[in-house]
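Novice: Dropping the structure in here first, questions after.
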Amino acid sequence: MNLKKIKKVTVFLLKKISISIIAILFLSVLVFFMSRLAPGDPLVSYYGDRAERLSPEEKEHALERLGLNEAIPNQYIRWVNNAVHGDFGISYKYKQDVLEVIEGRLINTLILGGIGFLLTFLFALLLGIFCAFREESLLDHIICNVGTVTSCIPEFYFSLILILVFSVNLKLLPSSGAYALGQSGSIQSRLTHLVLPMIVVVLSHLWYYAYMIRNKLLEEIRQDYVLLAKSKGLSKKDIMYKHCVRNILPAFISIMAISLPHIVEGTYIVEMVFSYPGIGTLSFESAKYHDYNMLMVLCLITGIIVIIGNNVGQAISEKIDPRMKTSEIVETTEVTKI
């Protein structure tokens, strides 16, 4: 690798890192100011019902103790300074370090959201290929119509239907939690509690992305090289799997990366409906009880996950299709010269 190429790659990487840092800083400012300007009393989160019985002097002392008596910009500067040194504050509701509270919940969200994300796109790819291969058939029309209807059902409503049918009426599956009481180490209990939330996470997004993949494949099938392949005697199956599917993989990876916020949002909603102890439920609680420090860290974690997902998705796309990387580096170099 020559010096000129190293310089181009360095500029490209610095640009990506700078944009990511700016995005995280902007998110932190936005969440910090909006949470503190929102109506509500954070002392209720910390003291509970006792907050209403505090005298004005006691309230002033409590605000000073929690660092909430200063101007909001000063609070933000102090929070950033502490965060840089690894101190993200305590949770007003749980009276613990926020990282300790989040640590116990994060793994649950990663299990539900991570597996749901992979299953969604695995089934979306298979379903998209299946429908594209049988374009305009009766089965393709049925799947398209059913998929369109199911994708329009909100996650919270779909969750309530499943709870009513499988938990309340049939009593086959649990309606809440990540495991039965005292069975946190039981894989069977965790899998049983994952079934309904996982179904909602996957089915709520499945057809939306399967339809995009189907359309991408149909566009590819209509390209000139496909006609040439057919004229050479290649079967429809070989053309589909060896050429069309391979050519849409960069677009498929990009769709996965872009969809990360969508899947994360859906996972958080599902967690709240099923009372699943993840960071989605924790985010709702922190916003409801004005648990500022907890809310800040959770929003930053979500933002960082989305940013990393987008960058990883782009890196994989560039690995599959080097033309994307070349064009990006050229654009970056031209902007730098200007």
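We label chains A, B, ... in the order they appear in the structure tokens, count residues from 1 in each chain, and number ligands from 1 in the order shown.
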Give me the residues of segment 247-271 of chain A that have any atom at most 7 Å from an atom of segment 297-321 of chain A; for each, the nearest atom pair and the distance in Å, rounded to one decimal. Use only C-alpha atoms, sort by chain and number, and format it as a tab-separated table.
Specialist:
```
residue	atom	partner	partner_atom	distance
A:Pro250	CA	A:Ser317	CA	4.7
A:Ile253	CA	A:Gly313	CA	5.9
A:Ser254	CA	A:Gly313	CA	5.9
A:Ala257	CA	A:Asn310	CA	4.8
A:Ile258	CA	A:Asn310	CA	6.4
A:Leu260	CA	A:Val306	CA	6.1
A:Pro261	CA	A:Val306	CA	6.1
```
Novice: Just write the chosen residues, C-alpha atoms, as a PDB file, in the first residue's frame.
Specialist:
```pdb
ATOM      1  CA  PRO A 250     -24.588  -5.160  -0.899  1.00  0.00           C
ATOM      2  CA  ILE A 253     -26.500  -5.478   3.897  1.00  0.00           C
ATOM      3  CA  SER A 254     -27.299  -1.775   3.545  1.00  0.00           C
ATOM      4  CA  ALA A 257     -27.764  -1.487   8.593  1.00  0.00           C
ATOM      5  CA  ILE A 258     -30.393   1.167   7.918  1.00  0.00           C
ATOM      6  CA  LEU A 260     -31.266  -1.185  12.927  1.00  0.00           C
ATOM      7  CA  PRO A 261     -33.078   1.805  14.528  1.00  0.00           C
TER       8      PRO A 261
END
```
Novice: For segment 210-214 of chain A, list every protein, DNA or RNA residue within 7 Å, evaluated using only C-alpha atoms, and leave out those in the same chain fewer than 4 positions away; present the list as a list of chain:residue names.
Specialist: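 Those residues are A:Ala124, A:Leu125, A:Leu127, A:Gly128, A:Ile129, A:Cys131, A:Ala132, A:Leu206, A:Leu218.
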Novice: Name all residues at most 6 Å from segment 87-99 of chain A (count only C-alpha atoms; drop same-chain ones fewer than 5 positions away) and give them as a list in words.
Specialist: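 Non-adjacent residues within range: Ser45, Tyr46, Asn82, Asp291, Asn293 and Met294 of chain A.
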Novice: What's the 12 Å shell around Phe156 of chain A, counting only C-alpha atoms, without same-chain residues fewer than 6 positions away, as a ChimeraX atom specification?
Specialist: /A:162-163,197,200-201,204,265-275
Novice: Please produce a file of those selected residues containing C-alpha atoms, as a compact mmCIF listing (two decimals), in the first residue's frame.
Specialist:
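As written to disk, selection_2.txt reads:
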```txt
# COMPACT_ATOMS: atom_id res chain seq x y z
CA LEU A 162 -50.87 -13.01 21.33
CA ILE A 163 -51.08 -12.57 25.11
CA PRO A 197 -41.93 -11.45 22.22
CA VAL A 200 -43.84 -10.08 17.54
CA VAL A 201 -40.34 -8.71 16.86
CA SER A 204 -43.77 -7.04 12.77
CA GLU A 265 -37.52 0.69 18.42
CA GLY A 266 -39.81 -2.30 17.86
CA THR A 267 -37.88 -4.35 20.43
CA TYR A 268 -38.29 -1.61 23.05
CA ILE A 269 -42.06 -1.49 22.48
CA VAL A 270 -42.35 -5.27 22.73
CA GLU A 271 -40.35 -5.25 25.97
CA MET A 272 -42.75 -2.77 27.55
CA VAL A 273 -45.90 -4.72 26.57
CA PHE A 274 -44.50 -8.05 27.79
CA SER A 275 -42.85 -6.48 30.88
```
Novice: Mind checking which residues fall within 10 Å of Pro73 of chain A, counting only C-alpha atoms, ignoring those fewer than 5 positions away in the same chain, and posting them as a list in words?
Specialist: Val29, Phe32, Phe33, Arg78 and Trp79 of chain A
Novice: Which one is closest to Cys244 of chain A: A:Lys171, A:Met198, A:Phe133, A:Ala178? Count only C-alpha atoms.
Specialist: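 Answer, going by the shortest atom-to-atom distance: A:Phe133.
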Novice: Determine which residues of segment 139-284 of chain A receive a DSSP assignment of alpha helix (DSSP H), computed from the backbone, and state them as JSON, numbers by chain.
Specialist: {"A": [139, 140, 141, 142, 143, 144, 145, 146, 147, 148, 149, 150, 151, 155, 156, 157, 158, 159, 160, 161, 162, 187, 188, 189, 190, 191, 192, 193, 194, 195, 196, 197, 198, 199, 200, 201, 202, 203, 204, 205, 206, 207, 208, 209, 210, 211, 212, 213, 214, 215, 216, 217, 218, 219, 220, 221, 224, 225, 226, 227, 228, 229, 230, 231, 236, 237, 238, 239, 245, 246, 247, 248, 249, 250, 251, 252, 253, 254, 255, 256, 257, 258, 259, 260, 261, 262, 263, 264, 265, 266, 267, 268, 269, 270, 271, 272, 273, 279, 280, 281, 282, 283, 284]}
Novice: Tell me which of A:Trp207, A:Phe121, A:Tyr47, A:Phe166 sits closest to Phe252 of chain A, counting only C-alpha atoms.
Specialist: A:Phe121
Novice: With only C-alpha atoms as the basis for distance, which of A:His262, A:Glu100, A:Ile239, A:Pro39 is at the shortest distance from Glu155 of chain A?
Specialist: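 Counting only C-alpha atoms, the residue closest to Glu155 of chain A is A:His262.
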Novice: Which residue gives the smallest distance to Leu295 of chain A among A:Ile72, A:Leu249, A:Ile24, A:Val31, with only C-alpha atoms counted?
Specialist: A:Val31
Novice: For a quick check of understanding, using only C-alpha atoms, which of A:Ile19, A:Leu27, A:Leu217, A:Val149 has the smallest distance to Met240 of chain A?
Specialist: A:Leu217
Novice: Considering only C-alpha atoms, can you say which of A:Tyr292, A:Gly114, A:Lys242, A:Leu25 comes closest to Leu66 of chain A?
Specialist: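 Answer, going by the shortest atom-to-atom distance: A:Tyr292.
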Novice: Residues at most 9 Å from Ile279 of chain A, counting only C-alpha atoms, excluding those fewer than 4 positions away in the same chain, as a list in words?
Specialist: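 With the cut-off at 9 Å, the set is Ile102, Arg105, Leu106, Ile107, Asn108, Thr109, Tyr268, Glu271, Ser283, Phe284 and Leu298 of chain A.
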Novice: Go ahead and dump the residues you just picked, N, CA and C atoms, as an mmCIF file, in the first residue's frame.
Specialist:
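As written to disk, selection.cif reads:
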```cif
data_model
loop_
_atom_site.group_PDB
_atom_site.id
_atom_site.type_symbol
_atom_site.label_atom_id
_atom_site.label_comp_id
_atom_site.auth_asym_id
_atom_site.auth_seq_id
_atom_site.Cartn_x
_atom_site.Cartn_y
_atom_site.Cartn_z
ATOM 1 N N ILE A 102 -28.029 -1.139 34.422
ATOM 2 C CA ILE A 102 -28.143 -1.460 32.995
ATOM 3 C C ILE A 102 -27.504 -2.805 32.677
ATOM 4 N N ARG A 105 -29.775 -5.692 32.666
ATOM 5 C CA ARG A 105 -30.866 -5.638 31.689
ATOM 6 C C ARG A 105 -30.383 -5.749 30.250
ATOM 7 N N LEU A 106 -29.156 -5.306 30.000
ATOM 8 C CA LEU A 106 -28.658 -5.222 28.629
ATOM 9 C C LEU A 106 -28.610 -6.582 27.950
ATOM 10 N N ILE A 107 -28.202 -7.618 28.681
ATOM 11 C CA ILE A 107 -28.083 -8.947 28.085
ATOM 12 C C ILE A 107 -29.436 -9.455 27.605
ATOM 13 N N ASN A 108 -30.516 -9.108 28.346
ATOM 14 C CA ASN A 108 -31.857 -9.546 27.941
ATOM 15 C C ASN A 108 -32.272 -8.902 26.619
ATOM 16 N N THR A 109 -31.968 -7.616 26.478
ATOM 17 C CA THR A 109 -32.298 -6.921 25.233
ATOM 18 C C THR A 109 -31.458 -7.439 24.076
ATOM 19 N N TYR A 268 -37.975 -2.359 21.830
ATOM 20 C CA TYR A 268 -38.291 -1.611 23.053
ATOM 21 C C TYR A 268 -39.792 -1.635 23.344
ATOM 22 N N GLU A 271 -40.796 -5.072 24.588
ATOM 23 C CA GLU A 271 -40.349 -5.252 25.973
ATOM 24 C C GLU A 271 -41.338 -4.630 26.956
ATOM 25 N N SER A 283 -35.832 2.134 29.743
ATOM 26 C CA SER A 283 -35.917 3.465 29.126
ATOM 27 C C SER A 283 -37.267 4.105 29.414
ATOM 28 N N PHE A 284 -38.327 3.315 29.315
ATOM 29 C CA PHE A 284 -39.668 3.822 29.600
ATOM 30 C C PHE A 284 -39.773 4.268 31.059
ATOM 31 N N LEU A 298 -28.895 5.355 28.648
ATOM 32 C CA LEU A 298 -29.650 4.460 27.770
ATOM 33 C C LEU A 298 -29.773 5.034 26.362
#
```
Novice: Would you compute the distance between atom CA of Gly177 of chain A and atom CA of Val195 of chain A? Give it in Å to one decimal.
Specialist: 11.5 Å
Novice: Provide the atom CA of Val101 of chain A to atom CA of Leu282 of chain A distance in Å, to one decimal place.
Specialist: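 It comes out at 9.1 Å.
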Novice: Distance atom CA of Leu173 of chain A-atom CA of Pro154 of chain A, one decimal place?
Specialist: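 That distance, rounded to one decimal, is 21.0 Å.
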Novice: For Ile255 of chain A, work out the shell of residues within 8 Å, counting only C-alpha atoms and skipping chain neighbours fewer than 4 positions away, then give it as a list in words.
Specialist: Tyr209, Ala251 and Ser259 of chain A
